[in-house]
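Source file: work_31.tsv; contents: TSV, C-alpha atoms.
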```tsv
chain	number	residue	atom	x	y	z
A	546	MET	CA	9.88	-22.98	-2.99
A	547	HIS	CA	9.51	-22.63	0.75
A	548	ILE	CA	9.03	-18.97	1.75
A	549	ALA	CA	8.62	-17.42	5.21
A	550	LEU	CA	6.40	-14.32	5.08
A	551	ILE	CA	6.95	-12.26	8.21
A	552	THR	CA	4.51	-9.40	8.49
A	553	ASP	CA	2.68	-6.99	10.75
A	554	GLY	CA	-0.64	-8.67	9.91
A	555	ILE	CA	-2.66	-9.55	6.82
A	556	HIS	CA	-5.92	-8.03	5.61
A	557	PRO	CA	-8.67	-8.18	6.88
A	558	TYR	CA	-7.33	-9.44	10.23
A	559	VAL	CA	-5.30	-6.23	10.40
A	560	MET	CA	-6.23	-3.20	8.28
A	561	GLY	CA	-3.79	-1.22	6.16
A	562	GLY	CA	-2.05	-1.09	2.80
A	563	MET	CA	0.93	-3.16	3.95
A	564	GLN	CA	-1.43	-5.78	5.36
A	565	ARG	CA	-3.45	-5.96	2.15
A	566	HIS	CA	-0.23	-6.48	0.17
A	567	SER	CA	0.81	-9.22	2.63
A	568	PHE	CA	-2.54	-10.97	2.21
A	569	TYR	CA	-2.19	-11.16	-1.56
A	570	LEU	CA	1.43	-12.28	-1.33
A	571	ALA	CA	0.45	-15.18	0.90
A	572	LYS	CA	-2.61	-16.02	-1.18
A	573	TYR	CA	-0.99	-16.01	-4.60
A	574	LEU	CA	2.25	-17.68	-3.50
A	575	ALA	CA	0.20	-20.50	-1.99
A	576	ALA	CA	-2.07	-20.66	-5.04
A	577	ALA	CA	1.04	-21.08	-7.21
A	578	GLY	CA	2.00	-24.14	-5.16
A	579	HIS	CA	4.71	-22.64	-2.96
A	580	ARG	CA	4.92	-23.41	0.76
A	581	VAL	CA	4.32	-20.33	2.89
A	582	ASP	CA	5.14	-20.00	6.59
A	583	LEU	CA	3.02	-17.01	7.60
A	584	TYR	CA	4.02	-15.10	10.77
A	585	HIS	CA	1.40	-12.47	11.69
A	586	HIS	CA	-1.19	-11.27	14.23
A	587	ASN	CA	-4.90	-10.40	14.51
A	588	THR	CA	-6.78	-7.29	15.63
A	589	SER	CA	-10.15	-8.17	14.05
A	590	LYS	CA	-13.32	-10.01	15.02
A	591	TYR	CA	-12.48	-12.85	12.60
A	592	ASP	CA	-11.23	-16.25	13.73
A	593	ILE	CA	-7.72	-16.15	12.36
A	594	SER	CA	-7.21	-19.86	13.03
A	595	GLN	CA	-9.62	-20.55	10.16
A	596	LEU	CA	-7.89	-18.34	7.56
A	597	GLU	CA	-11.37	-18.08	6.08
A	598	PHE	CA	-10.32	-15.70	3.31
A	599	PHE	CA	-8.15	-18.35	1.64
A	600	THR	CA	-9.32	-21.30	-0.43
A	601	ALA	CA	-8.84	-24.86	0.81
A	602	ALA	CA	-6.08	-25.38	-1.79
A	603	GLU	CA	-4.28	-22.23	-0.64
A	604	LYS	CA	-4.58	-23.14	3.03
A	605	ALA	CA	-3.00	-26.52	2.30
A	606	ASN	CA	0.23	-24.64	1.43
A	607	ILE	CA	0.16	-22.22	4.40
A	608	ARG	CA	1.42	-22.75	7.94
A	609	SER	CA	0.09	-19.95	10.10
A	610	PHE	CA	1.90	-18.70	13.21
A	611	VAL	CA	-0.11	-16.10	15.12
A	612	PHE	CA	1.32	-13.78	17.77
A	613	THR	CA	0.03	-11.03	20.06
A	614	PHE	CA	1.26	-7.60	19.10
A	615	PRO	CA	2.66	-5.89	22.23
A	616	ASN	CA	0.93	-2.87	23.76
A	617	LEU	CA	3.33	-0.57	25.60
A	618	GLY	CA	1.01	2.41	25.94
A	619	THR	CA	1.31	5.76	24.23
A	620	THR	CA	4.70	7.08	25.33
A	621	PRO	CA	6.95	8.42	22.54
A	622	GLY	CA	8.57	5.60	20.60
A	623	HIS	CA	6.11	2.96	21.81
A	624	TYR	CA	5.50	1.64	18.28
A	625	ILE	CA	9.21	1.09	17.64
A	626	ARG	CA	9.63	-0.81	20.93
A	627	GLU	CA	6.46	-2.80	20.29
A	628	SER	CA	7.65	-3.70	16.80
A	629	TYR	CA	11.02	-4.90	18.06
A	630	ASP	CA	9.36	-7.02	20.79
A	631	PHE	CA	6.99	-8.43	18.17
A	632	SER	CA	9.97	-9.38	16.00
A	633	LYS	CA	11.57	-11.16	18.99
A	634	GLN	CA	8.42	-13.24	19.48
A	635	ILE	CA	8.59	-14.22	15.82
A	636	TRP	CA	12.27	-15.13	16.06
A	637	SER	CA	11.62	-17.43	19.04
A	638	MET	CA	9.18	-19.42	16.89
A	639	PHE	CA	11.07	-19.10	13.61
A	640	GLU	CA	14.32	-20.63	14.90
A	641	LYS	CA	12.46	-23.83	15.87
A	642	GLN	CA	11.12	-24.43	12.35
A	643	SER	CA	12.70	-25.94	9.27
A	644	MET	CA	14.56	-23.25	7.33
A	645	PRO	CA	12.78	-21.79	4.29
A	646	ASP	CA	14.48	-20.98	0.99
A	647	PHE	CA	13.75	-17.26	1.36
A	648	ILE	CA	12.52	-14.88	4.06
A	649	TYR	CA	10.18	-12.09	2.94
A	650	VAL	CA	9.98	-9.43	5.69
A	651	LYS	CA	7.47	-6.58	5.94
A	652	GLY	CA	8.32	-3.44	7.90
A	653	PHE	CA	9.90	-4.07	11.29
A	654	ALA	CA	8.41	-7.56	11.73
A	655	GLY	CA	11.71	-9.28	10.89
A	656	TRP	CA	13.94	-6.92	12.88
A	657	GLU	CA	15.27	-9.63	15.20
A	658	LEU	CA	15.88	-12.05	12.31
A	659	ILE	CA	17.94	-9.37	10.58
A	660	ASN	CA	19.76	-8.73	13.85
A	661	GLN	CA	20.48	-12.45	14.29
A	662	LYS	CA	21.85	-12.73	10.75
A	663	LYS	CA	24.02	-9.65	11.31
A	664	GLY	CA	25.39	-11.41	14.41
A	665	GLY	CA	26.47	-14.44	12.39
A	666	LYS	CA	23.42	-16.70	12.47
A	667	LYS	CA	23.21	-18.73	9.26
A	668	LEU	CA	19.89	-17.85	7.65
A	669	PRO	CA	18.44	-17.90	4.12
A	670	PRO	CA	18.36	-14.68	2.05
A	671	ILE	CA	16.23	-11.97	3.66
A	672	GLY	CA	14.26	-9.58	1.44
A	673	LEU	CA	12.85	-6.52	3.21
A	674	ASN	CA	9.86	-4.50	2.05
A	675	MET	CA	9.52	-1.17	3.87
A	676	HIS	CA	6.87	-0.08	1.36
A	677	GLY	CA	6.68	3.72	1.04
A	678	TYR	CA	9.67	4.90	3.12
A	679	GLU	CA	7.47	7.82	4.22
A	680	MET	CA	10.01	8.81	6.89
A	681	PHE	CA	12.39	9.81	4.06
A	682	GLN	CA	9.72	11.71	2.13
A	683	PRO	CA	8.50	15.27	2.85
A	684	ALA	CA	6.88	15.48	6.29
A	685	PRO	CA	3.46	17.18	6.61
A	686	SER	CA	4.29	18.99	9.87
A	687	TRP	CA	7.15	19.79	12.24
A	688	LYS	CA	5.87	17.09	14.62
A	689	GLU	CA	6.13	14.49	11.89
A	690	ARG	CA	9.59	15.74	10.91
A	691	LEU	CA	10.69	15.35	14.51
A	692	LYS	CA	9.20	11.86	14.75
A	693	TYR	CA	10.89	10.82	11.51
A	694	ALA	CA	14.28	12.18	12.59
A	695	LEU	CA	14.30	11.01	16.20
A	696	LEU	CA	12.35	7.76	16.11
A	697	LEU	CA	11.96	6.16	12.69
A	698	ARG	CA	14.94	6.80	10.47
A	699	ALA	CA	17.59	5.04	12.60
A	700	PRO	CA	15.74	1.69	12.90
A	701	VAL	CA	14.82	1.81	9.23
A	702	ARG	CA	18.45	2.45	8.28
A	703	PHE	CA	19.56	-0.50	10.45
A	704	ASN	CA	17.09	-2.94	8.89
A	705	VAL	CA	17.80	-1.68	5.37
A	706	ALA	CA	21.57	-1.89	5.85
A	707	HIS	CA	21.53	-5.48	7.08
A	708	ALA	CA	18.81	-7.10	4.96
A	709	ASP	CA	20.16	-9.00	1.95
A	710	TYR	CA	17.69	-7.50	-0.53
A	711	LEU	CA	15.29	-4.57	-0.57
A	712	PHE	CA	11.94	-4.70	-2.34
A	713	SER	CA	10.90	-1.52	-4.13
A	714	TYR	CA	7.72	-0.57	-5.97
A	715	GLY	CA	9.85	1.48	-8.37
A	716	GLY	CA	9.16	5.10	-9.24
A	717	LYS	CA	10.60	7.42	-6.59
A	718	ILE	CA	10.98	4.60	-4.04
A	719	THR	CA	14.12	3.12	-5.60
A	720	PRO	CA	16.12	6.39	-5.40
A	721	ILE	CA	15.16	6.69	-1.72
A	722	ILE	CA	16.54	3.20	-1.06
A	723	GLU	CA	19.70	3.99	-3.02
A	724	SER	CA	20.14	7.19	-0.97
A	725	LEU	CA	20.40	4.95	2.11
A	726	GLY	CA	23.57	3.42	0.69
A	727	VAL	CA	22.01	0.36	-0.96
A	728	ALA	CA	23.64	-0.92	-4.16
A	729	ARG	CA	21.26	-1.19	-7.12
A	730	LYS	CA	21.89	-4.95	-7.41
A	731	ARG	CA	20.35	-5.45	-3.96
A	732	ILE	CA	17.07	-3.78	-4.96
A	733	LEU	CA	14.23	-5.92	-6.34
A	734	GLU	CA	11.72	-3.72	-8.19
A	735	ILE	CA	8.22	-5.19	-8.21
A	736	PRO	CA	5.03	-3.08	-8.29
A	737	THR	CA	1.97	-3.89	-6.23
A	738	GLY	CA	-1.02	-5.61	-7.81
A	739	ILE	CA	-4.78	-5.93	-7.89
A	740	ALA	CA	-6.99	-9.02	-7.64
A	741	ALA	CA	-8.80	-9.96	-10.83
A	742	ASN	CA	-12.22	-9.62	-9.18
A	743	TRP	CA	-11.57	-5.88	-8.82
A	744	ILE	CA	-11.31	-5.26	-12.54
A	745	ALA	CA	-14.47	-3.91	-14.16
A	746	ASP	CA	-15.49	-4.99	-17.65
A	747	GLN	CA	-15.66	-1.36	-18.71
A	748	PRO	CA	-15.89	2.08	-17.10
A	749	THR	CA	-19.26	3.33	-15.96
A	750	SER	CA	-20.74	5.72	-18.49
A	751	THR	CA	-20.06	9.37	-17.70
A	752	PHE	CA	-23.02	11.72	-18.05
A	753	GLY	CA	-23.84	15.00	-16.36
A	754	ILE	CA	-22.54	15.81	-12.88
A	755	ARG	CA	-18.99	14.73	-12.13
A	756	LYS	CA	-18.47	12.44	-9.15
A	757	PHE	CA	-15.15	12.56	-7.28
A	758	VAL	CA	-14.03	10.26	-4.48
A	759	PHE	CA	-11.37	10.39	-1.76
A	760	VAL	CA	-10.43	7.18	0.06
A	761	GLY	CA	-7.99	7.15	2.95
A	762	ARG	CA	-7.22	6.99	6.64
A	763	TYR	CA	-7.56	10.17	8.64
A	764	GLU	CA	-3.92	11.20	8.84
A	765	ARG	CA	-2.13	14.37	7.87
A	766	ARG	CA	0.00	12.96	5.05
A	767	LYS	CA	-3.14	12.06	3.05
A	768	GLY	CA	-3.50	15.73	2.13
A	769	LEU	CA	-7.05	16.47	3.28
A	770	PRO	CA	-6.32	20.07	4.42
A	771	GLU	CA	-4.91	20.89	0.98
A	772	LEU	CA	-7.90	19.26	-0.70
A	773	TYR	CA	-10.39	21.16	1.47
A	774	ARG	CA	-8.70	24.48	0.72
A	775	VAL	CA	-9.01	23.80	-3.00
A	776	LEU	CA	-12.64	22.67	-2.82
A	777	LYS	CA	-13.62	25.79	-0.89
A	778	LYS	CA	-12.29	27.92	-3.75
A	779	ILE	CA	-14.65	26.30	-6.25
A	780	SER	CA	-17.82	28.32	-6.60
A	781	ALA	CA	-20.90	26.90	-4.88
A	782	VAL	CA	-22.77	27.14	-8.18
A	783	VAL	CA	-20.42	24.65	-9.88
A	784	PRO	CA	-22.18	21.26	-9.76
A	785	PHE	CA	-20.26	18.14	-8.71
A	786	GLU	CA	-20.31	15.51	-5.96
A	787	PHE	CA	-17.38	14.67	-3.72
A	788	HIS	CA	-17.56	11.40	-1.82
A	789	PHE	CA	-15.26	10.82	1.17
A	790	ILE	CA	-14.51	7.29	2.39
A	791	GLY	CA	-12.55	6.92	5.61
A	792	ASP	CA	-12.63	7.57	9.34
A	793	ILE	CA	-12.87	11.36	9.02
A	794	PRO	CA	-14.34	12.89	12.23
A	795	SER	CA	-17.35	15.21	11.99
A	796	LYS	CA	-15.36	18.23	13.12
A	797	ASP	CA	-12.99	17.86	10.16
A	798	ARG	CA	-15.53	17.53	7.38
A	799	TRP	CA	-16.26	19.96	4.55
A	800	ASN	CA	-19.63	21.51	5.26
A	801	ASP	CA	-21.05	21.71	1.74
A	802	LYS	CA	-24.05	20.05	0.13
A	803	ARG	CA	-21.75	18.66	-2.58
A	804	ALA	CA	-19.78	16.64	0.03
A	805	LYS	CA	-20.96	13.17	1.04
A	806	TYR	CA	-19.23	11.26	3.84
A	807	HIS	CA	-19.53	7.48	4.00
A	808	GLY	CA	-17.19	6.68	6.92
A	809	LYS	CA	-14.90	3.68	6.79
A	810	ILE	CA	-16.05	1.00	4.33
A	811	THR	CA	-14.57	-2.43	5.04
A	812	ASP	CA	-16.85	-4.54	2.83
A	813	THR	CA	-15.21	-4.98	-0.56
A	814	ASN	CA	-18.51	-5.20	-2.45
A	815	ASP	CA	-19.76	-1.95	-0.92
A	816	LEU	CA	-16.49	-0.20	-1.76
A	817	GLN	CA	-16.51	-1.49	-5.33
A	818	LYS	CA	-20.10	-0.37	-5.81
A	819	LEU	CA	-19.36	3.16	-4.67
A	820	LEU	CA	-16.15	3.45	-6.69
A	821	ARG	CA	-17.81	2.19	-9.86
A	822	SER	CA	-20.45	4.90	-9.56
A	823	ALA	CA	-17.78	7.64	-9.55
A	824	ASP	CA	-15.64	9.29	-12.23
A	825	CYS	CA	-12.40	10.36	-10.59
A	826	LEU	CA	-10.34	9.43	-7.54
A	827	VAL	CA	-8.44	12.28	-5.89
A	828	CYS	CA	-5.28	11.28	-4.00
A	829	PRO	CA	-3.50	14.46	-2.81
A	830	SER	CA	-1.07	12.66	-0.48
A	831	LEU	CA	2.19	14.25	0.64
A	832	ALA	CA	3.93	10.86	0.87
A	833	GLU	CA	2.98	7.37	-0.36
A	834	GLY	CA	4.38	4.06	-1.51
A	835	MET	CA	2.22	2.66	-4.32
A	836	PRO	CA	-1.31	3.32	-3.07
A	837	ASN	CA	-3.76	0.42	-3.24
A	838	VAL	CA	-6.57	2.93	-3.46
A	839	ILE	CA	-5.35	4.27	-6.82
A	840	MET	CA	-5.03	0.73	-8.16
A	841	GLU	CA	-8.53	-0.17	-6.92
A	842	ALA	CA	-10.07	3.01	-8.35
A	843	MET	CA	-8.46	2.56	-11.77
A	844	ALA	CA	-9.47	-1.12	-11.79
A	845	SER	CA	-13.01	0.09	-11.12
A	846	GLY	CA	-12.88	2.29	-14.22
A	847	LEU	CA	-12.04	5.68	-12.68
A	848	THR	CA	-9.54	8.24	-13.83
A	849	ALA	CA	-7.32	9.71	-11.09
A	850	ILE	CA	-5.79	12.93	-9.86
A	851	ALA	CA	-2.73	12.09	-7.77
A	852	THR	CA	0.43	13.68	-6.46
A	853	ASP	CA	3.74	12.50	-7.89
A	854	THR	CA	4.98	10.67	-4.81
A	855	GLY	CA	6.29	7.14	-4.27
A	856	ALA	CA	5.45	4.93	-7.24
A	857	THR	CA	2.25	6.78	-8.16
A	858	SER	CA	3.67	7.67	-11.58
A	859	LEU	CA	3.58	4.00	-12.57
A	860	MET	CA	-0.22	4.28	-12.56
A	861	VAL	CA	-1.16	7.91	-13.19
A	862	ASN	CA	-0.04	9.78	-16.31
A	863	ASN	CA	-1.50	12.08	-18.96
A	864	GLU	CA	-3.45	9.22	-20.53
A	865	THR	CA	-4.95	7.78	-17.35
A	866	GLY	CA	-5.41	10.97	-15.32
A	867	TRP	CA	-3.57	13.95	-13.86
A	868	LEU	CA	-0.21	13.58	-12.10
A	869	ILE	CA	0.51	16.75	-10.13
A	870	PRO	CA	3.40	18.00	-7.95
A	871	VAL	CA	3.21	17.25	-4.23
A	872	GLY	CA	1.58	20.06	-2.25
A	873	ASP	CA	0.73	22.13	-5.35
A	874	GLN	CA	-2.77	23.38	-4.57
A	875	ASN	CA	-3.02	25.35	-7.81
A	876	ALA	CA	-2.30	22.22	-9.85
A	877	LEU	CA	-4.84	20.28	-7.77
A	878	GLN	CA	-7.49	22.94	-8.40
A	879	GLN	CA	-6.75	22.99	-12.13
A	880	ALA	CA	-6.99	19.18	-12.34
A	881	ILE	CA	-10.34	19.07	-10.52
A	882	LYS	CA	-11.62	21.84	-12.80
A	883	ALA	CA	-10.37	19.88	-15.85
A	884	VAL	CA	-12.45	16.87	-14.78
A	885	ILE	CA	-15.53	19.05	-14.27
A	886	ASP	CA	-15.08	20.78	-17.64
A	887	ALA	CA	-14.12	17.68	-19.66
A	888	SER	CA	-16.55	16.39	-22.24
A	889	ASP	CA	-18.04	12.96	-21.68
A	890	PRO	CA	-15.91	11.35	-24.44
A	891	GLN	CA	-12.73	12.96	-23.03
A	892	LEU	CA	-13.41	11.63	-19.55
A	893	VAL	CA	-14.40	8.19	-20.78
A	894	ALA	CA	-11.11	8.01	-22.73
A	895	LYS	CA	-9.13	8.66	-19.51
A	896	LYS	CA	-11.16	6.12	-17.58
A	897	THR	CA	-10.77	3.50	-20.32
A	898	ALA	CA	-6.99	4.03	-20.45
A	899	ALA	CA	-6.74	3.67	-16.66
A	900	LEU	CA	-8.67	0.41	-16.70
A	901	LYS	CA	-6.57	-0.93	-19.59
A	902	LEU	CA	-3.30	-0.07	-17.82
A	903	VAL	CA	-4.28	-1.98	-14.69
A	904	ARG	CA	-5.67	-4.96	-16.58
A	905	GLU	CA	-2.55	-5.36	-18.72
A	906	ASN	CA	0.15	-4.67	-16.11
A	907	PHE	CA	-0.94	-5.00	-12.51
A	908	THR	CA	-3.04	-8.11	-11.91
A	909	TRP	CA	-1.74	-10.21	-9.03
A	910	GLU	CA	-1.29	-13.15	-11.40
A	911	LYS	CA	1.36	-11.08	-13.22
A	912	ILE	CA	2.85	-9.56	-10.07
A	913	ILE	CA	3.25	-12.86	-8.23
A	914	GLN	CA	5.05	-14.33	-11.25
A	915	GLN	CA	7.52	-11.43	-11.18
A	916	THR	CA	7.95	-11.95	-7.43
A	917	ILE	CA	8.60	-15.68	-7.78
A	918	GLU	CA	11.10	-15.18	-10.63
A	919	LYS	CA	13.10	-12.59	-8.68
A	920	ILE	CA	13.14	-14.64	-5.49
A	921	GLU	CA	14.22	-17.75	-7.38
A	922	ALA	CA	16.99	-15.76	-9.06
A	923	VAL	CA	18.47	-14.49	-5.78
A	924	CYS	CA	18.19	-17.96	-4.23
A	925	ARG	CA	20.35	-19.29	-7.07
A	926	GLU	CA	23.10	-16.78	-6.36
A	927	PRO	CA	26.26	-18.19	-4.74
A	928	ASN	CA	25.67	-16.55	-1.35
A	929	GLY	CA	21.89	-16.91	-1.61
```
Could you render the structure from this file as structure tokens?
Amino acid sequence: MHIALITDGIHPYVMGGMQRHSFYLAKYLAAAGHRVDLYHHNTSKYDISQLEFFTAAEKANIRSFVFTFPNLGTTPGHYIRESYDFSKQIWSMFEKQSMPDFIYVKGFAGWELINQKKGGKKLPPIGLNMHGYEMFQPAPSWKERLKYALLLRAPVRFNVAHADYLFSYGGKITPIIESLGVARKRILEIPTGIAANWIADQPTSTFGIRKFVFVGRYERRKGLPELYRVLKKISAVVPFEFHFIGDIPSKDRWNDKRAKYHGKITDTNDLQKLLRSADCLVCPSLAEGMPNVIMEAMASGLTAIATDTGATSLMVNNETGWLIPVGDQNALQQAIKAVIDASDPQLVAKKTAALKLVRENFTWEKIIQQTIEKIEAVCREPNG
């Protein structure tokens, strides 16, 4: 097949969960022998013209088109306007190329293509992946609610309404898409995946002090204030370690000898090493899609405490960890205490189940095969 992948960047040229997912899509589609036209941009120090994070065989199947993402300042709505201008740049290049069999769009990057098809332009099937649909999930503050209502929901509704197909991770994401008026037959459910080199042979042995880890960007919806409030309730004499990975400023750190801050870790080996030394990931987010960080932690042999948002329930359950209601600080405290109080065999059983679940269901080799099969199926449809 010939697939155009239109995205707001790929990891590590642009950081983020959507970008990491785009990277693996391009990599594994190309590795499977499919032609990939990759439309993206670069904000890193790496030389994107080299695509140095792909093998020679993969690069042979990739045509890379690189654009400059617009910068319109910091006025309200700048990201929406920048995204639309970015999509117009992509369209100006796309229309000059040979048509692919399928167009896979991430976020707003294909906005102008969708607009052109709505206006009557003959284009291949367009599948849109908006990932977590956070703007239709509970907002962490009145400012976010206002931003969602005034700036984000309308453009999302437009793109969703006029794309041919909508990708969903499943879980609570599919009902959100359906609530936007999308028929179930237009929704392609495919979970995210994990690279095989992430998967540990077995969990690290659990002895003595429990080691927790939080990994995430410094933004309100990640649930740090709720986590801090819970941690401060746990007596200072209770022994555990809590490792924080992310760009958390000094002024917003928990001042306790049990807290260890590592800043942002971009090197995969360093991140894997730290995760594999821990016991439990804590993901108290108020809104998510299908977090890569949970997948990476479980692949590293950790159990997880996570809020039931997005498609988190596909990974976290009673066997693999603790799935708790969004914003329920009492449940979060009880889950953390359960990890601290668990016997070594009990904790190892959770960690082993988490690792097994990822290994058997979520490797990218399995996920890309599901993706290819669903794309091929829609391309065979009469109006595909």
Report, as JSON, the axis-aligned box around all atoms of stretch 754-770 of chain A present in the file, extended by 8 Å on each side; give centre and edge lengths in Å to one decimal place.
```
{"center_x": -11.3, "center_y": 13.5, "center_z": -2.0, "size_x": 38.5, "size_y": 29.1, "size_z": 37.7}
```
Skipping near chain neighbours, those fewer than 5 positions away, what residues fall within 8 Å of stretch 572-586 of chain A using only C-alpha atoms, listed as a short mmCIF file (atom, residue, chain, number, x, y, z; two decimals) with C-alpha atoms, in the coordinates of the input?
```
data_model
loop_
_atom_site.label_atom_id
_atom_site.label_comp_id
_atom_site.auth_asym_id
_atom_site.auth_seq_id
_atom_site.Cartn_x
_atom_site.Cartn_y
_atom_site.Cartn_z
CA MET A 546 9.88 -22.98 -2.99
CA HIS A 547 9.51 -22.63 0.75
CA ILE A 548 9.03 -18.97 1.75
CA ALA A 549 8.62 -17.42 5.21
CA LEU A 550 6.40 -14.32 5.08
CA ILE A 551 6.95 -12.26 8.21
CA THR A 552 4.51 -9.40 8.49
CA ASP A 553 2.68 -6.99 10.75
CA GLY A 554 -0.64 -8.67 9.91
CA ILE A 555 -2.66 -9.55 6.82
CA TYR A 558 -7.33 -9.44 10.23
CA VAL A 559 -5.30 -6.23 10.40
CA PHE A 599 -8.15 -18.35 1.64
CA ALA A 602 -6.08 -25.38 -1.79
CA GLU A 603 -4.28 -22.23 -0.64
CA LYS A 604 -4.58 -23.14 3.03
CA ASN A 606 0.23 -24.64 1.43
CA ILE A 607 0.16 -22.22 4.40
CA ARG A 608 1.42 -22.75 7.94
CA SER A 609 0.09 -19.95 10.10
CA PHE A 610 1.90 -18.70 13.21
CA VAL A 611 -0.11 -16.10 15.12
CA PHE A 612 1.32 -13.78 17.77
CA THR A 613 0.03 -11.03 20.06
CA PHE A 614 1.26 -7.60 19.10
CA ILE A 635 8.59 -14.22 15.82
CA TRP A 909 -1.74 -10.21 -9.03
CA GLU A 910 -1.29 -13.15 -11.40
CA ILE A 913 3.25 -12.86 -8.23
CA ILE A 917 8.60 -15.68 -7.78
#
```
| request: Can you work out which one of A:Arg821, A:Arg729, A:Leu877, A:Pro836 has the shortest atom-to-atom distance to A:Tyr773, counting all atoms listed in the file? | output: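 Looking at the shortest contact to A:Tyr773, the residue is A:Leu877.
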| query | What does the distance from atom CA of A:Gln564 to atom CA of A:Ala605 come to in Å, to one decimal? | reply |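 Separating atom CA of A:Gln564 from atom CA of A:Ala605 is a distance of 21.0 Å.
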| task | Rounded to one decimal place, report the atom CA of A:Pro784-atom CA of A:Arg755 distance in Å. | result | 7.6 Å
| task | For atom CA of A:Asp746 and atom CA of A:Gln891, quote the distance in Å rounded to one decimal. | result |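 If I compute the distance from atom CA of A:Asp746 to atom CA of A:Gln891, I get 18.9 Å.
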| message | Give me, as a ChimeraX atom specification, all polymer residues having an atom no more than 8 Å from A:Tyr678, counting all atoms listed in the file and skipping those fewer than 4 positions away in the same chain. | response | /A:682,718,721,833-834
